[in-house]
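This is final-v2.txt. It holds compact mmCIF, C-alpha atoms.
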```txt
# COMPACT_ATOMS: atom_id res chain seq x y z
CA MET A 1 63.67 108.12 85.78
CA PHE A 2 63.62 104.71 87.48
CA SER A 3 61.03 102.19 86.47
CA THR A 4 59.21 100.91 89.54
CA SER A 5 60.87 97.51 89.49
CA GLN A 6 64.32 99.06 89.14
CA GLU A 7 63.68 101.42 92.03
CA GLU A 8 62.56 98.54 94.23
CA GLN A 9 65.55 96.42 93.31
CA CYS A 10 68.20 99.13 93.69
CA SER A 11 67.00 100.91 96.80
CA PRO A 12 68.11 99.58 100.17
CA SER A 13 65.77 97.36 102.17
CA LYS A 14 65.38 97.64 105.96
CA ASP A 15 68.81 96.14 106.59
CA PRO A 16 70.64 96.64 103.30
CA VAL A 17 73.88 94.96 102.29
CA LYS A 18 75.96 97.56 100.52
CA TYR A 19 78.42 96.18 97.98
CA GLY A 20 80.11 99.52 97.35
CA GLU A 21 79.84 102.75 95.37
CA LEU A 22 80.91 103.96 91.94
CA VAL A 23 81.91 107.64 91.98
CA VAL A 24 82.54 109.60 88.77
CA LEU A 25 85.81 111.54 88.76
CA GLY A 26 85.49 115.23 87.90
CA TYR A 27 82.51 116.12 90.11
CA ASN A 28 82.73 117.74 93.52
CA GLY A 29 79.97 115.86 95.35
CA SER A 30 77.19 116.20 92.75
CA LEU A 31 76.61 117.00 89.09
CA PRO A 32 76.73 120.75 88.26
CA ASN A 33 72.97 120.90 87.67
CA GLY A 34 72.15 118.48 90.47
CA ASP A 35 71.79 114.70 90.62
CA ARG A 36 68.65 113.41 88.92
CA GLY A 37 67.39 109.82 88.90
CA ARG A 38 69.93 107.42 87.40
CA ARG A 39 72.11 110.36 86.25
CA LYS A 40 74.25 111.36 89.23
CA SER A 41 77.86 111.66 90.36
CA ARG A 42 77.83 108.55 92.56
CA PHE A 43 75.90 105.29 92.51
CA ALA A 44 75.52 102.97 95.52
CA LEU A 45 75.19 99.25 94.80
CA TYR A 46 72.97 97.42 97.30
CA ARG A 47 71.97 93.77 97.41
CA ARG A 48 68.80 93.50 95.36
CA THR A 49 65.51 92.13 96.68
CA LYS A 50 65.75 89.38 94.04
CA ALA A 51 68.94 88.19 92.37
CA ASN A 52 69.18 89.33 88.74
CA GLY A 53 72.60 87.92 87.84
CA VAL A 54 73.15 85.71 84.78
CA LYS A 55 75.76 83.08 83.86
CA PRO A 56 76.73 81.42 80.55
CA SER A 57 74.79 78.30 79.61
CA THR A 58 74.09 77.00 76.06
CA VAL A 59 76.32 77.83 73.07
CA HIS A 60 74.79 77.92 69.55
CA ILE A 61 76.81 78.03 66.32
CA LEU A 62 74.46 79.48 63.71
CA ASN A 63 74.90 79.75 59.97
CA THR A 64 71.97 82.01 59.01
CA PRO A 65 70.90 85.46 60.30
CA GLN A 66 67.37 84.10 60.76
CA ALA A 67 68.59 81.40 63.15
CA SER A 68 70.51 83.89 65.32
CA LYS A 69 67.46 86.17 65.37
CA ALA A 70 65.33 83.24 66.58
CA VAL A 71 67.77 82.53 69.44
CA ASN A 72 67.93 86.21 70.43
CA CYS A 73 64.13 86.46 70.50
CA LYS A 74 63.77 83.76 73.14
CA GLY A 75 63.78 86.38 75.88
CA GLN A 76 66.97 85.09 77.49
CA HIS A 77 70.18 87.07 77.94
CA SER A 78 72.70 86.26 75.22
CA ILE A 79 75.98 87.43 73.71
CA SER A 80 76.29 87.24 69.91
CA TYR A 81 79.71 87.00 68.26
CA THR A 82 79.44 87.61 64.49
CA LEU A 83 82.37 85.79 62.87
CA SER A 84 81.27 86.36 59.26
CA ARG A 85 78.11 87.03 57.30
CA ASN A 86 77.33 83.35 57.45
CA GLN A 87 78.43 82.41 60.95
CA THR A 88 77.45 83.70 64.38
CA VAL A 89 78.19 82.17 67.77
CA VAL A 90 75.44 82.92 70.29
CA VAL A 91 76.11 82.21 73.97
CA GLU A 92 72.92 82.03 76.00
CA TYR A 93 72.96 83.14 79.64
CA CYS A 94 70.67 81.73 82.31
CA HIS A 95 69.57 83.10 85.70
CA ASP A 96 72.18 83.05 88.48
CA LYS A 97 70.57 83.09 91.93
CA ASP A 98 73.93 83.88 93.59
CA THR A 99 74.74 87.21 91.92
CA ASP A 100 73.37 90.71 91.34
CA MET A 101 74.14 92.55 88.11
CA PHE A 102 74.40 96.33 87.71
CA GLN A 103 74.82 97.95 84.30
CA ILE A 104 76.57 101.23 83.48
CA GLY A 105 76.46 103.20 80.23
CA ARG A 106 75.39 106.30 78.32
CA SER A 107 71.96 104.93 77.39
CA THR A 108 68.91 106.01 79.39
CA GLU A 109 67.09 102.78 78.51
CA SER A 110 65.79 100.71 81.42
CA PRO A 111 68.57 98.04 81.55
CA ILE A 112 71.06 100.76 82.56
CA ASP A 113 71.22 101.30 86.33
CA PHE A 114 73.77 104.14 86.30
CA VAL A 115 73.72 106.63 83.40
CA VAL A 116 77.16 108.12 82.72
CA THR A 117 77.96 110.90 80.23
CA ASP A 118 81.25 112.42 79.15
CA THR A 119 83.05 114.34 81.87
CA VAL A 120 84.06 117.89 80.92
CA SER A 121 87.25 118.99 82.66
CA GLY A 122 86.88 122.08 84.82
CA GLY A 123 83.50 120.85 86.06
CA GLN A 124 81.68 124.11 85.27
CA GLU A 125 79.83 123.38 82.05
CA GLY A 126 78.78 119.88 83.13
CA GLU A 127 76.02 118.13 81.25
CA ASP A 128 75.19 121.20 79.12
CA ALA A 129 78.66 121.25 77.58
CA PRO A 130 78.68 120.61 73.82
CA ILE A 131 80.01 117.08 73.31
CA THR A 132 80.29 116.62 69.57
CA GLN A 133 80.31 112.83 69.73
CA SER A 134 80.40 110.76 72.87
CA THR A 135 83.03 108.03 73.09
CA ILE A 136 81.23 106.28 75.99
CA SER A 137 79.33 103.17 74.91
CA ARG A 138 75.56 103.16 75.38
CA PHE A 139 75.88 99.84 77.23
CA ALA A 140 79.44 100.20 78.49
CA CYS A 141 80.00 97.66 81.25
CA ARG A 142 78.43 95.56 83.97
CA VAL A 143 79.40 94.91 87.59
CA VAL A 144 78.41 91.53 89.03
CA CYS A 145 78.37 91.16 92.83
CA GLN A 146 78.23 87.96 94.89
CA ARG A 147 75.12 88.07 97.10
CA SER A 148 76.91 86.28 99.96
CA PRO A 149 80.11 87.25 101.87
CA PRO A 150 82.69 88.42 100.97
CA PHE A 151 80.39 90.15 98.38
CA THR A 152 83.04 90.10 95.65
CA ALA A 153 82.40 92.59 92.81
CA ARG A 154 83.63 91.75 89.31
CA ILE A 155 83.62 93.97 86.24
CA TYR A 156 82.92 92.94 82.63
CA ALA A 157 83.03 94.95 79.41
CA ALA A 158 79.68 95.60 77.67
CA GLY A 159 76.15 95.59 79.05
CA PHE A 160 73.00 93.80 77.90
CA ASP A 161 70.65 96.01 75.88
CA SER A 162 66.85 96.25 76.03
CA SER A 163 66.54 92.98 74.13
CA LYS A 164 68.91 91.34 76.67
CA ASN A 165 71.62 90.99 74.04
CA ILE A 166 75.26 91.97 73.74
CA PHE A 167 76.15 92.11 70.05
CA LEU A 168 79.78 92.00 68.84
CA GLY A 169 79.71 92.71 65.09
CA GLU A 170 82.13 91.60 62.39
CA LYS A 171 84.56 94.45 63.06
CA ALA A 172 84.73 94.03 66.86
CA ALA A 173 87.82 92.35 68.36
CA LYS A 174 86.75 88.78 69.23
CA TRP A 175 88.31 85.35 69.47
CA LYS A 176 87.93 81.78 70.68
CA ASN A 177 89.99 80.94 73.77
CA PRO A 178 92.01 77.68 74.06
CA ASP A 179 89.28 76.22 76.29
CA GLY A 180 86.75 76.86 73.50
CA HIS A 181 84.75 79.77 74.91
CA MET A 182 84.26 82.95 72.88
CA ASP A 183 85.32 86.38 74.13
CA GLY A 184 85.75 89.91 72.78
CA LEU A 185 86.38 93.60 73.43
CA THR A 186 84.11 96.62 73.04
CA THR A 187 84.95 99.38 70.52
CA ASN A 188 86.76 101.80 72.86
CA GLY A 189 87.26 99.27 75.63
CA VAL A 190 86.81 99.23 79.40
CA LEU A 191 90.08 99.92 81.21
CA VAL A 192 90.73 99.13 84.87
CA MET A 193 93.54 100.10 87.22
CA HIS A 194 93.89 98.52 90.69
CA PRO A 195 96.07 100.62 93.03
CA ARG A 196 98.87 98.72 94.74
CA GLY A 197 98.22 98.60 98.47
CA GLY A 198 94.50 99.42 98.28
CA PHE A 199 93.18 102.97 98.60
CA THR A 200 95.28 104.38 101.43
CA GLU A 201 97.86 107.09 101.93
CA GLU A 202 100.60 104.50 101.21
CA SER A 203 99.01 103.28 97.94
CA LYS A 204 100.82 103.50 94.63
CA PRO A 205 99.24 103.50 91.16
CA GLY A 206 98.91 100.12 89.47
CA VAL A 207 99.02 99.33 85.75
CA TRP A 208 96.07 100.09 83.44
CA ARG A 209 94.58 96.94 81.88
CA GLU A 210 91.68 96.17 79.55
CA ILE A 211 88.76 93.97 80.62
CA SER A 212 87.08 91.66 78.10
CA VAL A 213 83.37 90.91 77.69
CA CYS A 214 83.87 87.70 79.69
CA GLY A 215 85.97 89.41 82.37
CA ASP A 216 89.52 88.38 81.42
CA VAL A 217 92.39 90.85 81.86
CA TYR A 218 94.54 92.01 78.92
CA THR A 219 97.36 94.47 78.37
CA LEU A 220 96.24 97.63 76.55
CA ARG A 221 95.76 97.60 72.79
CA GLU A 222 98.16 99.67 70.66
CA THR A 223 95.40 102.25 70.27
CA ARG A 224 92.13 102.45 72.17
CA SER A 225 89.96 100.99 69.38
CA ALA A 226 92.50 98.74 67.60
CA GLN A 227 91.07 95.42 66.41
CA THR A 228 93.97 93.39 67.83
CA ARG A 229 93.73 92.59 71.54
CA GLY A 230 96.60 92.93 73.98
CA LYS A 231 98.23 89.99 75.78
CA LEU A 232 96.32 87.95 78.37
CA VAL A 233 97.48 88.78 81.92
CA GLU A 234 96.86 85.47 83.66
CA HIS A 235 97.79 86.40 87.23
CA GLU A 236 95.39 89.37 87.40
CA SER A 237 91.59 89.29 87.77
CA ASN A 238 88.52 91.45 87.15
CA VAL A 239 87.71 91.64 90.88
CA LEU A 240 87.26 95.28 91.91
CA GLN A 241 89.26 96.42 94.95
CA ASP A 242 88.82 99.50 97.09
CA GLY A 243 90.21 102.34 94.97
CA SER A 244 90.00 100.53 91.60
CA LEU A 245 89.49 102.92 88.68
CA VAL A 246 87.26 102.04 85.72
CA ASP A 247 87.66 104.08 82.53
CA LEU A 248 84.86 104.10 79.95
CA CYS A 249 86.64 106.37 77.41
CA GLY A 250 85.01 109.68 78.34
CA ALA A 251 84.41 109.15 82.05
CA THR A 252 86.43 107.49 84.81
CA LEU A 253 84.75 105.85 87.81
CA LEU A 254 86.25 105.17 91.24
CA TRP A 255 85.10 101.99 93.03
CA ARG A 256 84.88 102.25 96.81
CA THR A 257 83.99 99.16 98.84
CA ALA A 258 81.56 99.43 101.75
CA ASP A 259 84.46 98.83 104.15
CA GLY A 260 86.62 101.44 102.40
CA LEU A 261 83.84 104.03 102.62
CA PHE A 262 83.52 103.31 106.35
CA HIS A 263 87.06 104.69 106.80
CA THR A 264 86.70 107.80 104.61
CA PRO A 265 85.81 111.21 106.04
CA THR A 266 82.09 111.95 106.18
CA GLN A 267 80.42 115.14 104.92
CA LYS A 268 80.12 116.15 108.61
CA HIS A 269 83.87 115.64 109.09
CA LEU A 270 84.70 117.79 106.03
CA GLU A 271 82.28 120.46 107.25
CA ALA A 272 83.97 120.42 110.69
CA LEU A 273 87.39 120.87 109.02
CA ARG A 274 86.00 123.83 107.02
CA GLN A 275 84.64 125.45 110.16
CA GLU A 276 87.93 124.83 111.96
CA ILE A 277 89.90 126.68 109.27
CA ASN A 278 87.40 129.55 109.25
CA ALA A 279 87.40 129.71 113.07
CA ALA A 280 91.18 130.34 112.97
CA ARG A 281 90.32 133.57 111.09
CA PRO A 282 93.00 133.44 108.37
CA GLN A 283 93.78 136.90 107.02
CA CYS A 284 94.74 138.40 103.71
CA PRO A 285 98.29 139.75 104.22
CA VAL A 286 97.51 142.71 101.91
CA GLY A 287 93.94 143.75 102.76
CA LEU A 288 94.12 142.40 106.36
CA ASN A 289 90.53 141.22 105.92
CA THR A 290 89.40 137.85 107.35
CA LEU A 291 89.05 135.01 104.84
CA ALA A 292 86.49 132.17 104.94
CA PHE A 293 85.91 129.09 102.80
CA PRO A 294 82.40 129.09 101.27
CA SER A 295 79.84 126.51 102.42
CA MET A 296 80.07 122.96 101.08
CA GLN A 297 76.97 123.57 98.97
CA ARG A 298 78.50 126.63 97.26
CA SER A 299 81.82 124.80 96.81
CA ARG A 300 80.04 121.89 95.12
CA ALA A 301 78.30 124.20 92.65
CA LEU A 302 81.39 126.37 91.98
CA SER A 303 78.96 129.25 92.27
CA SER A 304 79.90 132.92 92.20
CA LEU A 305 82.90 133.96 94.26
CA GLU A 306 82.32 135.39 97.72
CA ASP A 307 83.91 138.50 99.25
CA LYS A 308 85.82 136.47 101.86
CA GLN A 309 86.87 133.78 99.37
CA PRO A 310 90.51 132.70 99.83
CA TRP A 311 92.74 132.99 96.76
CA VAL A 312 96.20 131.48 96.35
CA TYR A 313 99.39 132.20 94.47
CA LEU A 314 99.96 128.66 93.21
CA ALA A 315 103.71 129.04 92.61
CA CYS A 316 104.42 129.74 96.31
CA GLY A 317 101.24 128.78 98.19
CA HIS A 318 100.60 132.12 99.93
CA VAL A 319 96.87 132.55 100.60
CA HIS A 320 95.27 136.00 100.13
CA GLY A 321 91.89 137.58 99.60
CA TYR A 322 91.19 138.84 96.08
CA HIS A 323 93.08 142.00 95.13
CA ASP A 324 94.33 143.68 91.97
CA TRP A 325 97.97 143.96 92.93
CA GLY A 326 100.85 142.52 90.91
CA HIS A 327 99.46 141.98 87.37
CA ARG A 328 102.10 140.76 84.91
CA SER A 329 99.83 140.09 81.93
CA GLU A 330 97.14 142.29 80.40
CA ARG A 331 95.55 139.47 78.41
CA GLU A 332 95.24 136.90 81.21
CA PRO A 333 95.04 138.94 84.40
CA ASN A 334 95.27 135.97 86.83
CA ALA A 335 97.69 133.77 84.88
CA ARG A 336 100.80 135.83 85.81
CA ARG A 337 100.57 137.54 89.17
CA GLU A 338 103.37 138.52 91.55
CA CYS A 339 102.89 137.45 95.17
CA PRO A 340 103.24 140.49 97.50
CA MET A 341 104.78 138.27 100.19
CA CYS A 342 107.65 136.65 98.29
CA ARG A 343 107.56 138.23 94.78
CA THR A 344 107.09 134.79 93.13
CA VAL A 345 105.21 135.06 89.82
CA GLY A 346 102.57 132.52 88.82
CA PRO A 347 98.83 131.77 88.55
CA TYR A 348 96.43 133.34 91.09
CA VAL A 349 93.22 131.33 91.61
CA PRO A 350 90.32 131.04 94.08
CA LEU A 351 90.36 128.10 96.51
CA TRP A 352 87.46 125.64 96.72
CA LEU A 353 87.11 122.80 99.19
CA GLY A 354 87.00 119.26 97.82
CA CYS A 355 83.53 118.07 98.92
CA GLU A 356 83.47 114.47 97.62
CA PRO A 357 84.62 112.35 100.60
CA ALA A 358 85.21 109.24 98.44
CA PHE A 359 88.26 110.92 96.85
CA TYR A 360 90.09 111.38 100.18
CA VAL A 361 92.66 108.70 101.11
CA ASP A 362 92.74 109.91 104.74
CA THR A 363 90.92 112.22 107.15
CA GLY A 364 93.67 114.85 107.26
CA ALA A 365 93.11 118.62 107.28
CA PRO A 366 92.70 120.46 103.94
CA THR A 367 96.19 121.93 103.73
CA HIS A 368 97.07 121.48 100.04
CA ALA A 369 95.59 122.57 96.70
CA PHE A 370 95.68 120.99 93.26
CA VAL A 371 97.45 123.04 90.57
CA PRO A 372 96.07 124.74 88.48
CA CYS A 373 92.40 124.44 89.60
CA GLY A 374 92.67 125.33 93.31
CA HIS A 375 90.62 122.47 94.80
CA VAL A 376 91.72 121.90 98.39
CA CYS A 377 92.04 118.61 100.32
CA SER A 378 94.50 116.74 102.54
CA GLU A 379 98.21 116.48 101.78
CA LYS A 380 98.13 112.70 101.31
CA SER A 381 95.13 112.94 98.97
CA VAL A 382 96.73 115.52 96.66
CA LYS A 383 99.96 113.50 96.55
CA TYR A 384 98.04 110.30 95.77
CA TRP A 385 95.99 111.75 92.89
CA SER A 386 98.93 113.66 91.42
CA GLU A 387 100.66 110.31 90.80
CA ILE A 388 97.69 108.59 89.10
CA PRO A 389 97.84 108.67 85.26
CA LEU A 390 94.21 108.86 84.10
CA PRO A 391 93.20 108.01 80.50
CA HIS A 392 92.47 111.15 78.49
CA GLY A 393 90.80 110.93 75.08
CA THR A 394 91.63 107.81 73.11
CA HIS A 395 95.38 107.53 73.69
CA ALA A 396 96.79 109.96 76.28
CA PHE A 397 97.26 109.59 80.05
CA HIS A 398 97.73 112.40 82.56
CA ALA A 399 97.13 113.18 86.22
CA ALA A 400 93.98 115.22 86.97
CA CYS A 401 92.14 116.78 89.89
CA PRO A 402 89.49 114.24 91.00
CA PHE A 403 87.07 117.06 91.95
CA CYS A 404 86.95 118.76 88.51
CA ALA A 405 89.01 116.60 86.07
CA THR A 406 91.35 119.51 85.24
CA GLN A 407 94.74 118.25 84.04
CA LEU A 408 97.38 118.86 86.71
CA GLY A 409 100.49 120.93 85.99
CA LEU A 410 103.35 118.83 84.63
CA SER A 411 106.03 120.53 86.72
CA GLN A 412 103.81 121.16 89.78
CA GLY A 413 100.63 119.18 90.47
CA TRP A 414 99.88 120.60 93.92
CA ALA A 415 100.81 123.40 96.31
CA LYS A 416 101.10 123.57 100.11
CA LEU A 417 98.90 126.40 101.39
CA ILE A 418 100.43 129.09 103.62
CA PHE A 419 97.79 130.90 105.67
CA GLN A 420 98.45 134.05 107.71
CA GLY A 421 96.73 134.11 111.10
CA PRO A 422 95.03 137.19 112.59
CA ILE A 423 97.36 139.94 113.78
CA ASP A 424 95.32 140.88 116.85
```
Is it possible to express this structure as structure tokens?
Amino acid sequence: MFSTSQEEQCSPSKDPVKYGELVVLGYNGSLPNGDRGRRKSRFALYRRTKANGVKPSTVHILNTPQASKAVNCKGQHSISYTLSRNQTVVVEYCHDKDTDMFQIGRSTESPIDFVVTDTVSGGQEGEDAPITQSTISRFACRVVCQRSPPFTARIYAAGFDSSKNIFLGEKAAKWKNPDGHMDGLTTNGVLVMHPRGGFTEESKPGVWREISVCGDVYTLRETRSAQTRGKLVEHESNVLQDGSLVDLCGATLLWRTADGLFHTPTQKHLEALRQEINAARPQCPVGLNTLAFPSMQRSRALSSLEDKQPWVYLACGHVHGYHDWGHRSEREPNARRECPMCRTVGPYVPLWLGCEPAFYVDTGAPTHAFVPCGHVCSEKSVKYWSEIPLPHGTHAFHAACPFCATQLGLSQGWAKLIFQGPID
């Protein structure tokens, strides 16, 4: 799906400088039907062979549509702000040798480096799920990285289209700042949240803000697509930090810096933890059969359940194999089940390992599960994500499992797992 020039510019050279990675929340290591070309669950940003960044240069105030068309046809990047039928402000952008630009959006056209579509919670239907109308912009946002240390990455709302233009029509929120430069917001906006204290076990959620086309930070609008902007937040910036979340109204992306990724568990580490649990031969207290977590590949695909698959009573955390004991509801057989160990009644679900290392805040053992989906990771990771309010739809916020985007239980977002060891 890459054009040759894009492939050359995005792929690492012999000694690549990695700026960081964008990882889509709701996927457990890959898309359900596999990663393909620019459509994948994570996108690594490397220093390009040639800088492709742009910066504002000439400003034109035009009074006829023909004049603005002539400026836009010059082959330069530009942002057009339509103030009325008779007046358009066009800001031309020129080449910036010091930055690299990466564009994210729903469009599969060549200017988009990372194609993102609406995330379906539960992670099972994936890209085949019927989305009636996507709320993600075709050219949603752009990340601009400094080519020299400290390789700062900044985020801006809107991306340049195939004609190198960003067009803010009459109805879009736009304004002239006190210093004279034009700015605006996209229809559903680009929201960003920087965690307080970075992306560590001690981190706390920050405040969700909106980023403008020129990269300023604003409080949220009254509704997602309201025409009146929020208030300028002067002491905050559009610089992405390790653990920053970017919401595109339909998909949320996690930004991990190269240094942050260096401290996360690797796939090998997660595989070693899986083997360690299985080597302890946990048993089902009812069937006395040995349980084993499926391979990382099967966990990623949420494929058919295996005979040794661990199941959990989410209300108490007791881990069992699958059995038919303790039904409390005919209609939803696994929604109300009584635990044979402690008689607690609650949901009974299969356990799946969380396979996307970027979502872990530490390298701890997988001892806890998200409720109600049953994805398993470290204690500090479940506690971190259960406190993060993620945008949902156009106005709601709720905590969700990062591995499948399922909304977490309001009264209980996670459960501590209680395994029974072998009797012999």
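Comparing A:Gly206, A:Gly189, A:Pro391, A:Gly287 by their smallest distance to A:Ala226, the closest is A:Gly189 (using all atoms listed in the file).
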Excluding same-chain residues fewer than 6 positions from A:Gly321, what lies within 7 Å of it counting only C-alpha atoms, as number ranges by chain?
-> A: 284, 291, 308-311
Any idea what the distance is between atom CA of A:Gly169 and atom CA of A:Cys214?
-> 16.0 Å
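Closest approach to A:Tyr27 among A:Thr252, A:Gln133, A:Thr108, A:Thr394 is made by A:Thr252 (distances from only C-alpha atoms).
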All residues 10 Å or closer to A:Ser121, only C-alpha atoms, same chain fewer than 6 positions away omitted, as a PyMOL selection string = chain A and resi 25-27+400-407
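Shortest separation to A:Met296 among A:Ala315, A:Ile155, A:Val91, A:Ala272 occurs at residue A:Ala272, atoms counted being only C-alpha atoms.
The closest residue to A:Asp96, picked from A:Thr264, A:Thr119, A:Pro111, A:Cys145 and counting all atoms listed in the file, is A:Cys145.
The point (70.8, 89.2, 74.5) has these residues within 7 Å of it when all atoms listed in the file are used: Asn72, Gln76, His77, Ser78, Ile79, Phe160, Asp161, Ser163, Lys164, Asn165 and Ile166 of chain A.
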What's the 9 Å shell around A:Tyr156, counting all atoms listed in the file, without same-chain residues fewer than 5 positions away, as a PyMOL selection string?
-> chain A and resi 141-144+190+211-216+238
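Minimum atom-to-atom distances from A:Gly230, A:Gly364, A:Pro16, A:Gly250 to A:Glu201 were compared using only C-alpha atoms, and the lowest value belongs to A:Gly364.
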Leaving out A:Phe293 and any residue of its chain fewer than 3 positions from it, which residues lie within 12 Å of it when counting all atoms listed in the file, given as an MDAnalysis selection string?
-> chainID A and resid 270:283 290 296:299 305:311 319:321 350:355 366 375:376
Of the candidates A:Pro285, A:Pro372, A:Gly53, A:Pro389, which one gets nearest to A:Cys342 if we count all atoms listed in the file?
-> A:Pro285
Excluding stretch 83-89 of chain A and residues on its chain fewer than 6 positions from it, collect all residues at most 6 Å away from it, counting all atoms listed in the file, and give them as a ChimeraX atom specification.
-> /A:60-64,170
Restricted to C-alpha atoms, what would the selected residues look like written as a PDB file, in the coordinates of the input?
```pdb
ATOM      1  CA  HIS A  60      74.790  77.920  69.550  1.00  0.00           C
ATOM      2  CA  ILE A  61      76.810  78.030  66.320  1.00  0.00           C
ATOM      3  CA  LEU A  62      74.460  79.480  63.710  1.00  0.00           C
ATOM      4  CA  ASN A  63      74.900  79.750  59.970  1.00  0.00           C
ATOM      5  CA  THR A  64      71.970  82.010  59.010  1.00  0.00           C
ATOM      6  CA  GLU A 170      82.130  91.600  62.390  1.00  0.00           C
TER       7      GLU A 170
END
```
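Our summary of the geometry notes that atom CA of A:Val120 is positioned 10.8 Å from atom CA of A:Pro32.
The coordinates place atom CA of A:Ile418 at 12.1 Å from atom CA of A:Cys339.
Remark: residues at most 8 Å from position (85.9, 102.1, 100.9) in file coordinates are A:Gly20, A:Phe199, A:Asp242, A:Gly243, A:Trp255, A:Arg256, A:Thr257, A:Ala258, A:Asp259, A:Gly260, A:Leu261, A:Phe262, A:His263, A:Thr264, A:Ala358, using only C-alpha atoms.
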Taking the partial coordinates given, rebuild stretch 245-259 of chain A to contain N, CA, C and O atoms; return it as an mmCIF file, in the coordinates of the input.
```cif
data_model
loop_
_atom_site.group_PDB
_atom_site.id
_atom_site.type_symbol
_atom_site.label_atom_id
_atom_site.label_comp_id
_atom_site.auth_asym_id
_atom_site.auth_seq_id
_atom_site.Cartn_x
_atom_site.Cartn_y
_atom_site.Cartn_z
ATOM 1 N N LEU A 245 90.013 101.932 89.623
ATOM 2 C CA LEU A 245 89.490 102.920 88.680
ATOM 3 C C LEU A 245 89.014 102.210 87.425
ATOM 4 O O LEU A 245 89.678 101.295 86.927
ATOM 5 N N VAL A 246 87.846 102.622 86.922
ATOM 6 C CA VAL A 246 87.260 102.040 85.720
ATOM 7 C C VAL A 246 87.096 103.157 84.698
ATOM 8 O O VAL A 246 86.380 104.130 84.957
ATOM 9 N N ASP A 247 87.761 103.024 83.551
ATOM 10 C CA ASP A 247 87.660 104.080 82.530
ATOM 11 C C ASP A 247 86.811 103.615 81.366
ATOM 12 O O ASP A 247 87.043 102.549 80.791
ATOM 13 N N LEU A 248 85.808 104.439 81.019
ATOM 14 C CA LEU A 248 84.860 104.100 79.950
ATOM 15 C C LEU A 248 85.111 104.918 78.684
ATOM 16 O O LEU A 248 84.234 105.014 77.833
ATOM 17 N N CYS A 249 86.284 105.539 78.563
ATOM 18 C CA CYS A 249 86.640 106.370 77.410
ATOM 19 C C CYS A 249 85.713 107.579 77.307
ATOM 20 O O CYS A 249 84.866 107.682 76.421
ATOM 21 N N GLY A 250 85.859 108.481 78.258
ATOM 22 C CA GLY A 250 85.010 109.680 78.340
ATOM 23 C C GLY A 250 84.618 109.978 79.759
ATOM 24 O O GLY A 250 84.273 111.105 80.106
ATOM 25 N N ALA A 251 84.669 108.977 80.616
ATOM 26 C CA ALA A 251 84.410 109.150 82.050
ATOM 27 C C ALA A 251 85.173 108.071 82.809
ATOM 28 O O ALA A 251 85.300 106.934 82.330
ATOM 29 N N THR A 252 85.702 108.446 83.965
ATOM 30 C CA THR A 252 86.430 107.490 84.810
ATOM 31 C C THR A 252 85.698 107.362 86.132
ATOM 32 O O THR A 252 85.326 108.370 86.745
ATOM 33 N N LEU A 253 85.483 106.119 86.577
ATOM 34 C CA LEU A 253 84.750 105.850 87.810
ATOM 35 C C LEU A 253 85.700 105.285 88.862
ATOM 36 O O LEU A 253 86.593 104.487 88.546
ATOM 37 N N LEU A 254 85.502 105.697 90.105
ATOM 38 C CA LEU A 254 86.250 105.170 91.240
ATOM 39 C C LEU A 254 85.355 104.185 91.988
ATOM 40 O O LEU A 254 84.214 104.517 92.325
ATOM 41 N N TRP A 255 85.857 102.979 92.249
ATOM 42 C CA TRP A 255 85.100 101.990 93.030
ATOM 43 C C TRP A 255 85.547 102.060 94.484
ATOM 44 O O TRP A 255 86.738 101.949 94.779
ATOM 45 N N ARG A 256 84.590 102.290 95.379
ATOM 46 C CA ARG A 256 84.880 102.250 96.810
ATOM 47 C C ARG A 256 84.053 101.130 97.439
ATOM 48 O O ARG A 256 82.835 101.077 97.256
ATOM 49 N N THR A 257 84.713 100.231 98.162
ATOM 50 C CA THR A 257 83.990 99.160 98.840
ATOM 51 C C THR A 257 83.269 99.730 100.053
ATOM 52 O O THR A 257 83.601 100.824 100.532
ATOM 53 N N ALA A 258 82.299 98.975 100.560
ATOM 54 C CA ALA A 258 81.560 99.430 101.750
ATOM 55 C C ALA A 258 82.524 99.625 102.916
ATOM 56 O O ALA A 258 82.433 100.605 103.661
ATOM 57 N N ASP A 259 83.495 98.722 103.053
ATOM 58 C CA ASP A 259 84.460 98.830 104.150
ATOM 59 C C ASP A 259 85.365 100.047 103.949
ATOM 60 O O ASP A 259 85.671 100.775 104.889
#
```
